[in-house]
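Report on the structure given below.
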Amino acid sequence: MPFIARRLAFYVVALWVAVTANFFIPRAMPGDAVEAVMSKFPDLTPTAYHAIQAMLGVGKAGSLWHQYVSYLGDIVHLNFGISSSEYPAPVSTILGETIPWTLTLVGTATVIAFFLGTVLGILAGWRNGGWADRLLPALMFLQAIPYFFLALILLTVLALNLHVFPIGSGYGQGLVPGWHWDFISSAVYHSLLPAFTIVITSVAGWMLQMRNVMITTIGEDYVLAAQAKGLPNRRIVYTYAARNALLPQLQGFGLALGFVVSGAIIMEIVFSYPGIGLLLVNAVTSDDFPLTQAIFLVITFAVLLANLIVDIVIVLADPRARAREAVR
Amino acid sequence: MTAALPITTTPAQLAAPPRQLGRWRRLPLKAKVGAALLGFFVLAAIIGPMVAPYDPGYQNPAPNLSLAGPSAAHLLGTTQSGQDVLSQLLVGIRLTLELALLVGIIATALSVLVGVTAAFLGGVWDEVLLLLSNVVLVIPALPLLIVLLGYLPRTGQTATILVLAGLGWPWGARVIRAQTLSIRNRDFIAAARETGDHTWRILAFEIVPNQVSLIAANFVNTVLYAIGTSVALAFIGLTNLSSWSLGTMLYWAESQQALQLGAWWWFVPPGLAVALMGTSLVLLNTGIDELGNPRLRDANERPKINGRRLQPTAPTPVLHATFEQPERTPSRVAAFLRSFSREAYLSSPKRSEAGR
């Protein structure tokens, strides 16, 4: 599989560039992590400055190159340092607590939106002007509304006024996270409204793209040939047209992941959801360098990995891509 | 000459040039609505700050003007500190639209440049540019913006515009690259190359015009992304909070609990303005798509034969026969015009050649 190998190499290089940028950007920024810690503990005397510096690993001795090399080494060992805002918790521990929240909620909601949008798009494309097509303008309006605006209004109406859903947070108060029914049901209950907002704001995009590709695909000769053979419509739609129209959709899926991450951050702020987006905003506002850097890396890595998976799926699904790549 | 025209028409009939009218009428309804809506906002952005009844930042100390509902003096009511919501809205539309358009222009130019160049040069250059796009693409825009703007001093919009544009091009570049790749193998490109056209000429007159609808769609999408992201950033509070954009309006409304206090006139107008702006862009985008690809049009606008609407699955064989020889129009203008036509869009790339 030279294609996949090449993609993998690209993603490794991309990851390296991201890591390098990640190393330099915070160092080019004004703001001091040590000062941030010291301001939180007013009892500390100025002599503690160097001690904190050493603990956080920001003022490491040696040249910038030396720091860079040891930074790369730390990353390989998943050693992201110690958070200054939630001192003395290690960054990796904090990340381990927050990532599952985001991954579960946003992942599920995105996959639901993708499948729902694709199926609706197939229907709208096949029966252009039918009921699924009439849904589009309304869905496009929902998509155009600023996400947080819609989320806040839903939160106000459904949670504050009607009490159908809980107000923010990831699980009920007083519950200890763990694999027991009370906690899981509470977490699911708390995730319904955020997931719903993500689905209804993103489904239109998938639907529109699929509809348009579908309509173009239906005009292809092989679809006409299939109709001429007298194949049933169902078979033509799903086996002939939709299968081919799905490829651009899949590519779009890989590209959209960056936007999914962005949406997730806003969602978590609106719903005070204990995920990685809320953590990022908190880390930035409290000048927590190690945590900010680590969150960046995690998001970057997740998006790269998802893109690689999409590449693999495309190659598996499209013999033409395989053929093209074999030539290059 | 006048005597030769016995069937004179009324001035009203003469006033409407039939071709212009036809062109506008032939536009898909979605594009018309989108363009009209967008035009309204552009107009509001241009004259809004001039006709705004109050200074958006002026805090009226009168106690009955704190969180006052819509009235004759304040058409959209006032904020908690007695500021006029309508004035803020009018000023905010300009600031938000200004930022979004600038981002859209810069980012789309970058997209076309990178996408077309990558696909056409192929080989190493393609991979290098794709790698560059990937790198920018994998750094999700919003987190990076949050980090950058969290540290940078929050004055002016320049930093936001540059970072948004600098992060907004790879999406379009990849889509345009993919489209260029599929166009590249078509016969008319081969024909252009056979006739000795330079690469830059093929790019400028064959490749780019053939994806005008895609580029336009990309521009509209980028503007949409810029509006959404800038408003979201302002909502988080990572912007110049002393300026009046739609995002800062929402920030203040949210931070001062407008929704909980029931002050819908404070929170809903800016959100609705952003939503309508976005909707107009999406409609315009769909309209552009449908102009370039008539198959995407509503079934209701399709011609009826014997009371039955033509389904997209039934292309007429006659039409099919015509676009087997699309290379008969060597003129540049003709080629450009043809790129808008149904044939140019519907002719399928030669799969066998793509896989050769």
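Starting from 1 in every chain, residues are counted up; chains themselves are A, B, ... following the order of the structure tokens, and ligands are numbered from 1 as listed.
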
Secondary structure check, helix (DSSP H, G or I) residues of segment 53-129 of chain B, as a PyMOL selection string:
chain B and resi 63-65+85-121+123-129

Excluding same-chain residues fewer than 2 positions from Ser242 of chain B, what lies within 9 Å of it counting only C-alpha atoms, as a short mmCIF file (atom, residue, chain, number, x, y, z; two decimals) with C-alpha atoms, in the first residue's frame?
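Final output, saved to part.cif:
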```cif
data_model
loop_
_atom_site.label_atom_id
_atom_site.label_comp_id
_atom_site.auth_asym_id
_atom_site.auth_seq_id
_atom_site.Cartn_x
_atom_site.Cartn_y
_atom_site.Cartn_z
CA GLY B 57 -21.43 53.13 23.50
CA THR B 155 -6.87 45.91 19.98
CA THR B 239 -11.63 40.27 21.06
CA ASN B 240 -11.54 44.00 21.40
CA TRP B 244 -19.12 47.07 18.64
CA THR B 248 -19.26 41.69 21.29
#
```

In Å, with one decimal, what is the gap from atom CA of Asn79 of chain A to atom CA of Ala264 of chain A?
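Atom-to-atom, atom CA of Asn79 of chain A and atom CA of Ala264 of chain A are spaced 25.2 Å apart.
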
When you look at His74 of chain B with a cut-off of 8 Å (counting only C-alpha atoms), what residues show up, excluding the ones that are within fewer than 6 positions of it in the same chain? I need them as a ChimeraX atom specification.
/B:84-86

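Non-sequential neighbours of Pro63 of chain B (distance at most 12 Å, separation of 3 or more positions within a chain, only C-alpha atoms) are Gln59, Asn60, Ser66, Leu67, Ala68, Thr78, Thr79, Gln80, Ser81, Gly82 and Gln83 of chain B.
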
Which residue gives the smallest distance to chain B among A:Val313, A:Leu142, A:Ala294, A:Leu64, with only C-alpha atoms counted?
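Using only C-alpha atoms, the shortest distance to chain B belongs to A:Leu142.
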
Give the answer as one residue: which of B:Gly34, B:Ile207, B:Glu98, B:Met50 has the shortest atom-to-atom distance to Asn185 of chain B, using only C-alpha atoms?
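The answer is B:Ile207, which sits nearest to Asn185 of chain B.
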
Work out how far atom CA of Ala36 of chain B is from atom CA of Gln88 of chain B, in Å to one decimal.
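Going from atom CA of Gln88 of chain B over to atom CA of Ala36 of chain B, I get 22.8 Å.
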
Pick from B:Thr117, B:Gln211, B:Gln256, B:Ser230: nearest to chain A, with only C-alpha atoms counted?
B:Ser230

Excluding segment 241-251 of chain A and any residue of its chain fewer than 3 positions from it, enumerate the residues within 8 Å of it, using only C-alpha atoms, and give them as a list in words.
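Near neighbours after the sequence-gap exclusion: Thr118, Ile122, Trp206, Gln209, Met210, Val213, Met214, Thr217, Ile218, Val223, Ile236, Val237, Tyr238, Gly254, Leu255, Val310, Asp311, Ile314, Ala317 and Asp318 of chain A.
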
Would you mind exporting the chosen residues as a PDB file, in the first residue's frame, restricted to C-alpha atoms?
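Wrote part-v3.pdb, looks like this:
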```pdb
ATOM      1  CA  THR A 118     -25.904  11.508   4.156  1.00  0.00           C
ATOM      2  CA  ILE A 122     -29.356  10.641  -0.829  1.00  0.00           C
ATOM      3  CA  TRP A 206     -23.694  16.874   5.089  1.00  0.00           C
ATOM      4  CA  GLN A 209     -23.117  18.124  -0.035  1.00  0.00           C
ATOM      5  CA  MET A 210     -24.498  14.625  -0.467  1.00  0.00           C
ATOM      6  CA  VAL A 213     -22.955  15.056  -5.460  1.00  0.00           C
ATOM      7  CA  MET A 214     -25.833  12.618  -5.700  1.00  0.00           C
ATOM      8  CA  THR A 217     -23.796  11.177  -9.984  1.00  0.00           C
ATOM      9  CA  ILE A 218     -27.305  10.254 -11.063  1.00  0.00           C
ATOM     10  CA  VAL A 223     -26.724   5.030 -13.764  1.00  0.00           C
ATOM     11  CA  ILE A 236     -29.708   1.949  -8.462  1.00  0.00           C
ATOM     12  CA  VAL A 237     -29.866   4.535  -5.678  1.00  0.00           C
ATOM     13  CA  TYR A 238     -27.822   2.716  -3.091  1.00  0.00           C
ATOM     14  CA  GLY A 254     -11.920  14.229   7.062  1.00  0.00           C
ATOM     15  CA  LEU A 255     -11.799  17.929   6.352  1.00  0.00           C
ATOM     16  CA  VAL A 310     -10.491   8.584   6.124  1.00  0.00           C
ATOM     17  CA  ASP A 311      -7.670   8.048   3.616  1.00  0.00           C
ATOM     18  CA  ILE A 314     -11.285   6.039   0.639  1.00  0.00           C
ATOM     19  CA  ALA A 317     -13.897   2.104  -1.145  1.00  0.00           C
ATOM     20  CA  ASP A 318     -12.595   3.577  -4.388  1.00  0.00           C
TER      21      ASP A 318
END
```

Quick one: residues within 8 Å of segment 99-105 of chain A, only C-alpha atoms counted, chain neighbours fewer than 3 positions away excluded, as an MDAnalysis selection string?
chainID A and resid 95:96 108:109 170 191 195 264 274:277

The selected residues should be written to file as a PDB file, in the first residue's frame (atoms: C-alpha atoms).
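File out_15.pdb, as written:
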```pdb
ATOM      1  CA  LEU A  95      -6.149  15.313  29.923  1.00  0.00           C
ATOM      2  CA  GLY A  96      -7.017  11.733  30.733  1.00  0.00           C
ATOM      3  CA  THR A 108     -21.202  10.251  18.686  1.00  0.00           C
ATOM      4  CA  ALA A 109     -22.970  13.451  17.666  1.00  0.00           C
ATOM      5  CA  GLY A 170     -21.470  16.676  32.371  1.00  0.00           C
ATOM      6  CA  SER A 191     -25.255  14.904  26.993  1.00  0.00           C
ATOM      7  CA  ALA A 195     -25.499  16.344  21.239  1.00  0.00           C
ATOM      8  CA  ALA A 264     -17.030  21.275  20.393  1.00  0.00           C
ATOM      9  CA  PRO A 274     -16.191  19.045  31.354  1.00  0.00           C
ATOM     10  CA  GLY A 275     -14.366  18.368  28.079  1.00  0.00           C
ATOM     11  CA  ILE A 276     -11.172  19.430  26.415  1.00  0.00           C
ATOM     12  CA  GLY A 277     -12.536  22.641  24.868  1.00  0.00           C
TER      13      GLY A 277
END
```

Find the residues near Ser111 of chain B: any atom within 6 Å, counting only C-alpha atoms, skip ones fewer than 6 places away on the same chain, and give them as a PyMOL selection string.
chain B and resi 169+172-173

Selected residues written out, C-alpha atoms, as a PDB file, in the first residue's frame:
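Final output, saved to out-v7.pdb:
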```
ATOM      1  CA  TRP B 169      -7.456  28.734   2.952  1.00  0.00           C
ATOM      2  CA  GLY B 172     -10.778  25.510  -0.244  1.00  0.00           C
ATOM      3  CA  ALA B 173      -7.338  24.681  -1.589  1.00  0.00           C
TER       4      ALA B 173
END
```

Figure out the distance between atom CA of Pro143 of chain B and atom CA of Pro166 of chain A, please, to one decimal in Å.
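Separation between atom CA of Pro166 of chain A and atom CA of Pro143 of chain B: 27.0 Å.
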